[in-house]
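Student: There's a structure below that I have some questions on.
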Amino acid sequence: MSDDLPDILAGPILRRAAPQRLVLWLAASRPLEFRLTLITDDASWTHPLAPATTRVEVGTRAHLHLIDLELDAALPQDVRIAYDLAYRGESEWHSIGDWGKSLCYGSEPLPTLVLRSRYDNLLHGSCRKPHHPSEDGLVRADRWLDGCHDDAAARPAVLLLTGDQIYADDVAGPMLAAIHALIARLGLHDECLEGTDIASGSELYARDETYYHRDELLPAIRSTEALREKFFGGVRKPIFTTASAENHLVTFAELLAMYLLVWSPTPWRLIEVEMPQLAAEEQDRYRDEQRHIEAFVTGLPGVARLFAHLPTLMIFDDHDVTDDWNLSAAWEAAVYDHPFSRRIVGNALIAYLFCQGWGNDPDGLAEPLSASREWLDSASGDGAFDCQLQDRLVTRLLRFTGWGYTIESTPRLVVLDTRTRRWRSERRRHHPSGLMDWEALSEFQQELLGEPSVIIVSPAPIFGVKLIEGIQRVFTWFGKPLLVDAENWMAHPGAAQTMLNILRHSRTPQRYVILSGDVHYSFVYAITIRQRRDSPRMWQITSSGLKNTFPDTLLDWFDRLNRWLYAPWSPLNWLTKRRRMLIEPYRPERRSKGERLWNRAGIGQVCLDDHGAPSEVTQLGADDCDTRFSKEPR
């Protein structure tokens, strides 16, 4: 124990996993020495982890342990492997069966993993907002795995979190109060703040008036008046464009505390959360949000258990940083030219590096992780990070281009970074940028060449709902892309045509499964190329959100109008960039009025056949009501 704190704060989270390499993430209250024992029916292996562990001190009582174990002999595939992640105490080793009993299913003494030889069974989802009133799709995934964890063949190969793992820009008052309590409890390191009257993170936390009023702290300066006129019709708004910025996270410590609080039940047991001084109407809002946060916390033991058993891969979307992140060239100029907003984005990227990015691709992220070392060490004296070193690290991460990654699985998995390598519209700087620029798309094409089938993770759907994209295009035409979140693949002509050309190319795969999130509803499309006998077959499978939904009535109207206006016979299809594509929607099994868009919180499951084509697509409802998607008869 460290000052009456448990040694383990969060984790282990099983991240990248292969027969000769295991990657795990863990947060502890002090530096720990680990060993890992792997057990099958036939043998066991014990590995000391001192050389394979990178320790990151983020507070006086908070240390991240990034474990990357390379194995000399390959582990068996398609069988259950029990593992014991033990750490050394003062005089003895502590088994995960003792300190992490809640991470085990049923009466099993240890958690287990399965290294699947094929990526033919996948769980995927996005958009997990803690204070949303729906239930949690990750908790549903844990209940589902509880029913089949002892069957290696039924276990998913991977859990894919396809964006918005946290909502840094949309935080409930009780969550922000818990974040500040945890910062104090763990002694998370402080930082200076520039471009604002508040000098440091600790000064920010001490001000009750910053609850529900942080949008007033965000920069809205004279030099951006013309930009605000373009974006908001002259209404005074902060540079950040989120509509929910009242409790926007600012410091690295706040972001790190948020990750711990949404991934583990343990930090909640270490703090007492008290309501800050609020106006009467804000007190009512706080209490309403508190009910949802309390329900969210009750499900966290299941989330932690799920993470301990399934290899979990992640990629950011905008809410992991801020809404509309890098939407346009004008947005970037406004945000990155001000030191305060630039720091907020940079802090979110630092937190993503340590909590999400590194576990996806330890080799690809080794350089920025190493570059962070000097900045991390600067807090060893007075517990505050050096301001100049932090700015230097932020600059480095804003220029980094290696957030996307590829898994050499069968089929190959390609995860796209659609946020930091944008195709900017330089002539119309307020128009939406393409989700990937020419260079990034060219690299993407190289990953596809020679593959018979491929799984693509694109946080935003490549093939979205035509009506909604049309509405976004109209608002963009009138210079108001921010009002409708005009971020889709078809919004930028260059990026759209390049992506479609890649998918149509004769040397790229014949089967594409595209997994997406972002939109807060779920749907499935089958896509082929019109009048082409050897057309590649594509499936757009979207599952969103894990704990979020679209406004019911609005989505119902969008769904109906889309079916009428863009029916297969409609001439409007020829006005879209996808006019050469035949797009056939799947039907949700539990639809009531012919819906094609499914608006329920949950998590998606996709099963693939031997050729990499979907054999079954299901939305596991957070409310335990599941629905399958089936292709419409022609």
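Chain labels A, B, ... are given in the sequence in which chains occur in the structure tokens; within each chain residues are numbered consecutively from 1, and ligands are likewise numbered from 1 in the order shown.
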Could you pull out all residues of stretch 404-434 of chain A with a DSSP call of strand (DSSP E) and give them as a list of chain:residue names?

Tutor: A:Tyr405, A:Thr406, A:Ile407, A:Arg412, A:Leu413, A:Val414, A:Val415

Student: Residues near stretch 501-517 of chain A, anyone? I mean within 9 Å using only C-alpha atoms, not counting same-chain ones fewer than 2 positions away, as a compact mmCIF listing (two decimals) with N, CA, C and O atoms, in the first residue's frame.

Tutor:
```txt
# COMPACT_ATOMS: atom_id res chain seq x y z
N HIS A 124 -16.89 -4.43 -31.65
CA HIS A 124 -16.45 -3.06 -31.95
C HIS A 124 -17.53 -2.07 -31.53
O HIS A 124 -18.73 -2.36 -31.55
N GLY A 125 -17.07 -0.89 -31.12
CA GLY A 125 -18.00 0.16 -30.72
C GLY A 125 -17.26 1.46 -30.48
O GLY A 125 -16.03 1.51 -30.40
N SER A 126 -18.02 2.54 -30.36
CA SER A 126 -17.44 3.87 -30.14
C SER A 126 -18.41 4.70 -29.31
O SER A 126 -19.54 4.30 -29.06
N CYS A 127 -17.95 5.86 -28.89
CA CYS A 127 -18.81 6.89 -28.30
C CYS A 127 -19.37 6.45 -26.94
O CYS A 127 -20.53 6.02 -26.84
N LEU A 160 -12.42 -3.80 -30.57
CA LEU A 160 -12.00 -2.59 -31.26
C LEU A 160 -12.82 -1.41 -30.77
O LEU A 160 -14.05 -1.39 -30.92
N LEU A 161 -12.15 -0.43 -30.16
CA LEU A 161 -12.80 0.80 -29.71
C LEU A 161 -12.45 1.87 -30.74
O LEU A 161 -11.30 2.30 -30.84
N THR A 162 -13.45 2.28 -31.50
CA THR A 162 -13.20 3.01 -32.74
C THR A 162 -13.39 4.52 -32.62
O THR A 162 -13.60 5.19 -33.63
N GLY A 163 -13.29 5.06 -31.43
CA GLY A 163 -13.30 6.51 -31.27
C GLY A 163 -14.15 6.96 -30.10
O GLY A 163 -15.13 6.32 -29.71
N ASP A 164 -13.78 8.10 -29.53
CA ASP A 164 -14.50 8.72 -28.41
C ASP A 164 -14.55 7.78 -27.21
O ASP A 164 -15.61 7.52 -26.63
N LEU A 441 -3.42 8.68 -47.69
CA LEU A 441 -4.20 7.76 -48.50
C LEU A 441 -3.31 6.87 -49.36
O LEU A 441 -3.61 5.69 -49.57
N SER A 442 -2.21 7.43 -49.83
CA SER A 442 -1.27 6.62 -50.60
C SER A 442 -0.64 5.53 -49.73
O SER A 442 -0.49 4.38 -50.16
N PHE A 444 -2.06 4.26 -47.13
CA PHE A 444 -3.15 3.32 -46.89
C PHE A 444 -3.29 2.33 -48.04
O PHE A 444 -3.43 1.12 -47.83
N GLN A 445 -3.19 2.81 -49.26
CA GLN A 445 -3.30 1.92 -50.41
C GLN A 445 -2.19 0.87 -50.42
O GLN A 445 -2.43 -0.30 -50.76
N GLN A 446 -0.99 1.27 -50.02
CA GLN A 446 0.11 0.31 -49.98
C GLN A 446 -0.16 -0.82 -48.99
O GLN A 446 0.28 -1.95 -49.19
N LEU A 448 -2.92 -2.22 -48.56
CA LEU A 448 -3.96 -3.09 -49.11
C LEU A 448 -3.46 -3.99 -50.24
O LEU A 448 -4.06 -5.04 -50.50
N LEU A 449 -2.40 -3.58 -50.91
CA LEU A 449 -1.98 -4.28 -52.13
C LEU A 449 -1.67 -5.74 -51.85
O LEU A 449 -0.95 -6.07 -50.90
N GLY A 450 -2.22 -6.60 -52.67
CA GLY A 450 -1.94 -8.03 -52.57
C GLY A 450 -2.74 -8.77 -51.55
O GLY A 450 -2.60 -9.99 -51.43
N GLU A 451 -3.59 -8.08 -50.80
CA GLU A 451 -4.40 -8.74 -49.77
C GLU A 451 -5.73 -9.21 -50.38
O GLU A 451 -6.40 -8.44 -51.07
N PRO A 452 -6.15 -10.45 -50.13
CA PRO A 452 -7.44 -10.89 -50.66
C PRO A 452 -8.63 -10.26 -49.94
O PRO A 452 -9.69 -10.03 -50.52
N SER A 453 -8.45 -9.97 -48.65
CA SER A 453 -9.51 -9.33 -47.86
C SER A 453 -8.86 -8.51 -46.77
O SER A 453 -7.71 -8.77 -46.37
N VAL A 454 -9.58 -7.54 -46.27
CA VAL A 454 -9.02 -6.63 -45.28
C VAL A 454 -10.14 -6.10 -44.40
O VAL A 454 -11.29 -5.97 -44.83
N ILE A 455 -9.80 -5.83 -43.14
CA ILE A 455 -10.68 -5.14 -42.20
C ILE A 455 -10.14 -3.73 -42.03
O ILE A 455 -8.96 -3.55 -41.70
N ILE A 456 -10.97 -2.74 -42.25
CA ILE A 456 -10.58 -1.34 -42.10
C ILE A 456 -11.35 -0.73 -40.94
O ILE A 456 -12.57 -0.89 -40.86
N VAL A 457 -10.65 -0.05 -40.06
CA VAL A 457 -11.31 0.76 -39.03
C VAL A 457 -11.21 2.22 -39.45
O VAL A 457 -10.11 2.77 -39.54
N SER A 458 -12.34 2.81 -39.77
CA SER A 458 -12.44 4.23 -40.07
C SER A 458 -13.42 4.83 -39.08
O SER A 458 -14.62 4.51 -39.13
N PRO A 459 -12.97 5.65 -38.11
CA PRO A 459 -13.90 6.17 -37.10
C PRO A 459 -15.17 6.75 -37.70
O PRO A 459 -16.27 6.50 -37.20
N ALA A 460 -15.05 7.53 -38.77
CA ALA A 460 -16.24 8.00 -39.48
C ALA A 460 -16.56 7.04 -40.61
O ALA A 460 -15.65 6.58 -41.31
N PRO A 461 -17.83 6.70 -40.83
CA PRO A 461 -18.17 5.76 -41.91
C PRO A 461 -17.69 6.28 -43.26
O PRO A 461 -17.85 7.47 -43.58
N ILE A 462 -17.12 5.40 -44.07
CA ILE A 462 -16.77 5.78 -45.45
C ILE A 462 -18.04 5.90 -46.28
O ILE A 462 -18.18 6.80 -47.11
N PHE A 463 -18.97 4.99 -46.07
CA PHE A 463 -20.26 5.03 -46.75
C PHE A 463 -21.32 5.36 -45.70
O PHE A 463 -21.77 4.50 -44.95
N ALA A 496 -12.52 12.20 -51.02
CA ALA A 496 -13.57 11.26 -51.39
C ALA A 496 -13.20 10.49 -52.65
O ALA A 496 -13.29 9.25 -52.68
N GLN A 497 -12.79 11.19 -53.70
CA GLN A 497 -12.48 10.51 -54.95
C GLN A 497 -11.27 9.60 -54.81
O GLN A 497 -11.23 8.50 -55.37
N THR A 498 -10.28 10.03 -54.04
CA THR A 498 -9.09 9.19 -53.86
C THR A 498 -9.45 7.92 -53.11
O THR A 498 -9.02 6.81 -53.50
N MET A 499 -10.23 8.03 -52.05
CA MET A 499 -10.64 6.83 -51.31
C MET A 499 -11.46 5.89 -52.19
O MET A 499 -11.23 4.67 -52.22
N VAL A 519 -21.33 8.20 -35.28
CA VAL A 519 -22.58 8.88 -35.63
C VAL A 519 -23.70 8.71 -34.61
O VAL A 519 -24.75 9.34 -34.73
N HIS A 520 -23.53 7.81 -33.64
CA HIS A 520 -24.51 7.57 -32.57
C HIS A 520 -25.74 6.79 -33.02
O HIS A 520 -26.79 6.87 -32.39
N TYR A 521 -25.61 6.06 -34.11
CA TYR A 521 -26.60 5.07 -34.52
C TYR A 521 -25.85 3.99 -35.29
O TYR A 521 -24.68 4.17 -35.65
N SER A 522 -26.52 2.86 -35.53
CA SER A 522 -25.86 1.71 -36.15
C SER A 522 -26.56 1.34 -37.45
O SER A 522 -27.78 1.48 -37.57
N ILE A 529 -19.71 -2.34 -57.13
CA ILE A 529 -19.57 -1.37 -58.20
C ILE A 529 -20.56 -1.72 -59.31
O ILE A 529 -20.61 -2.87 -59.77
N ASP A 534 -16.50 -8.21 -61.99
CA ASP A 534 -15.51 -8.62 -60.99
C ASP A 534 -15.43 -7.59 -59.86
O ASP A 534 -14.36 -7.37 -59.29
N SER A 535 -16.55 -6.99 -59.53
CA SER A 535 -16.56 -5.93 -58.52
C SER A 535 -16.08 -6.44 -57.17
O SER A 535 -16.48 -7.53 -56.73
N PRO A 536 -15.25 -5.65 -56.49
CA PRO A 536 -14.96 -5.99 -55.09
C PRO A 536 -16.24 -5.85 -54.28
O PRO A 536 -17.15 -5.09 -54.61
N ARG A 537 -16.31 -6.60 -53.20
CA ARG A 537 -17.46 -6.55 -52.31
C ARG A 537 -17.05 -5.83 -51.02
O ARG A 537 -16.00 -6.13 -50.45
N MET A 538 -17.89 -4.91 -50.61
CA MET A 538 -17.58 -4.09 -49.45
C MET A 538 -18.77 -4.08 -48.50
O MET A 538 -19.92 -4.15 -48.94
N TRP A 539 -18.46 -4.00 -47.23
CA TRP A 539 -19.50 -3.91 -46.21
C TRP A 539 -19.15 -2.77 -45.25
O TRP A 539 -18.07 -2.77 -44.64
N GLN A 540 -20.02 -1.80 -45.16
CA GLN A 540 -19.89 -0.73 -44.17
C GLN A 540 -20.70 -1.12 -42.94
O GLN A 540 -21.93 -1.22 -43.00
N ILE A 541 -20.00 -1.39 -41.82
CA ILE A 541 -20.66 -1.84 -40.60
C ILE A 541 -20.38 -0.81 -39.51
O ILE A 541 -19.22 -0.64 -39.10
N THR A 542 -21.41 -0.13 -39.10
CA THR A 542 -21.26 0.98 -38.15
C THR A 542 -21.97 0.62 -36.84
O THR A 542 -23.15 0.23 -36.86
N SER A 543 -21.25 0.74 -35.72
CA SER A 543 -21.82 0.50 -34.39
C SER A 543 -21.52 1.70 -33.51
O SER A 543 -20.38 1.99 -33.19
N SER A 544 -22.59 2.41 -33.13
CA SER A 544 -22.43 3.61 -32.32
C SER A 544 -23.78 3.93 -31.67
O SER A 544 -24.82 3.81 -32.33
N GLY A 545 -23.79 4.32 -30.39
CA GLY A 545 -22.64 4.39 -29.54
C GLY A 545 -22.69 3.35 -28.44
O GLY A 545 -23.73 2.75 -28.14
N HIS A 611 -13.51 -16.47 -46.12
CA HIS A 611 -13.04 -15.56 -47.16
C HIS A 611 -12.98 -14.11 -46.69
O HIS A 611 -12.65 -13.22 -47.47
N GLY A 612 -13.33 -13.86 -45.42
CA GLY A 612 -13.29 -12.50 -44.89
C GLY A 612 -14.55 -11.71 -45.12
O GLY A 612 -14.56 -10.48 -44.96
N ALA A 613 -15.64 -12.37 -45.50
CA ALA A 613 -16.92 -11.70 -45.68
C ALA A 613 -17.78 -11.88 -44.44
O ALA A 613 -17.71 -12.92 -43.78
N PRO A 614 -18.63 -10.90 -44.10
CA PRO A 614 -19.47 -11.03 -42.90
C PRO A 614 -20.48 -12.17 -43.05
O PRO A 614 -21.22 -12.23 -44.02
```

Student: In Å, rounded to a single decimal, give me how far atom CA of A:Asn247 is from atom CA of A:Arg214.

Tutor: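 That distance, rounded to one decimal, is 5.4 Å.
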
Student: Could you give me, as a ChimeraX atom specification, the residues within 12 Å of A:Asp142, counting only C-alpha atoms and dropping anything in the same chain fewer than 6 positions from it?

Tutor: /A:103-105,123,136,148-149,155-156,159,299-310,602-603,620,622,624

Student: Which one of A:His292, A:Arg628, A:Arg35, A:His492 sits closest to A:Gly89 if you count only C-alpha atoms?

Tutor: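 Of A:His292, A:Arg628, A:Arg35, A:His492, the one nearest A:Gly89 is A:Arg35, counting only C-alpha atoms.
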
Student: Restricting the calculation to only C-alpha atoms, which member of A:Thr401, A:Asn599, A:Ser380, A:Ser91 is positioned closest to A:Glu57?

Tutor: A:Ser380

Student: One decimal, Å: what's the distance from atom CA of A:Glu92 over to atom CA of A:Pro48, could you say?

Tutor: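 It comes out at 14.5 Å.
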
Student: With only C-alpha atoms as the basis for distance, which of A:Ser630, A:Thr528, A:Ser44, A:Ser433 is at the shortest distance from A:Arg579?

Tutor: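 Among A:Ser630, A:Thr528, A:Ser44, A:Ser433, it is A:Thr528 that comes nearest to A:Arg579.
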
Student: Determine, counting only C-alpha atoms, which protein, DNA and RNA residues have an atom within 9 Å of an atom of A:Arg185; residues of the same chain fewer than 2 positions away are not included. Present the result as a PyMOL selection string.

Tutor: chain A and resi 5+61+180-183+187-188+270-271

Student: If I take atom CA of A:Ala384 and atom CA of A:Ser244, how far is one from the other in Å, to one decimal?

Tutor: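 It comes out at 28.8 Å.
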
Student: My list of candidates is A:Ile166, A:Phe354, A:Gln283, A:Arg591. Which is closest to A:Ile67 when distances are computed with only C-alpha atoms?

Tutor: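 Looking at the shortest contact to A:Ile67, the residue is A:Phe354.
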
Student: Could you give me, as a ChimeraX atom specification, the residues within 12 Å of A:Val171, counting only C-alpha atoms and dropping anything in the same chain fewer than 3 positions from it?

Tutor: /A:128-132,166-168,174-179,211-215,242-250,254-255,258,262,286,289-290,293,319-320,322

Student: A:Trp93: which residues within 10 Å, counting only C-alpha atoms, same-chain residues fewer than 5 positions away excluded, as a count of residues only?

Tutor: 7
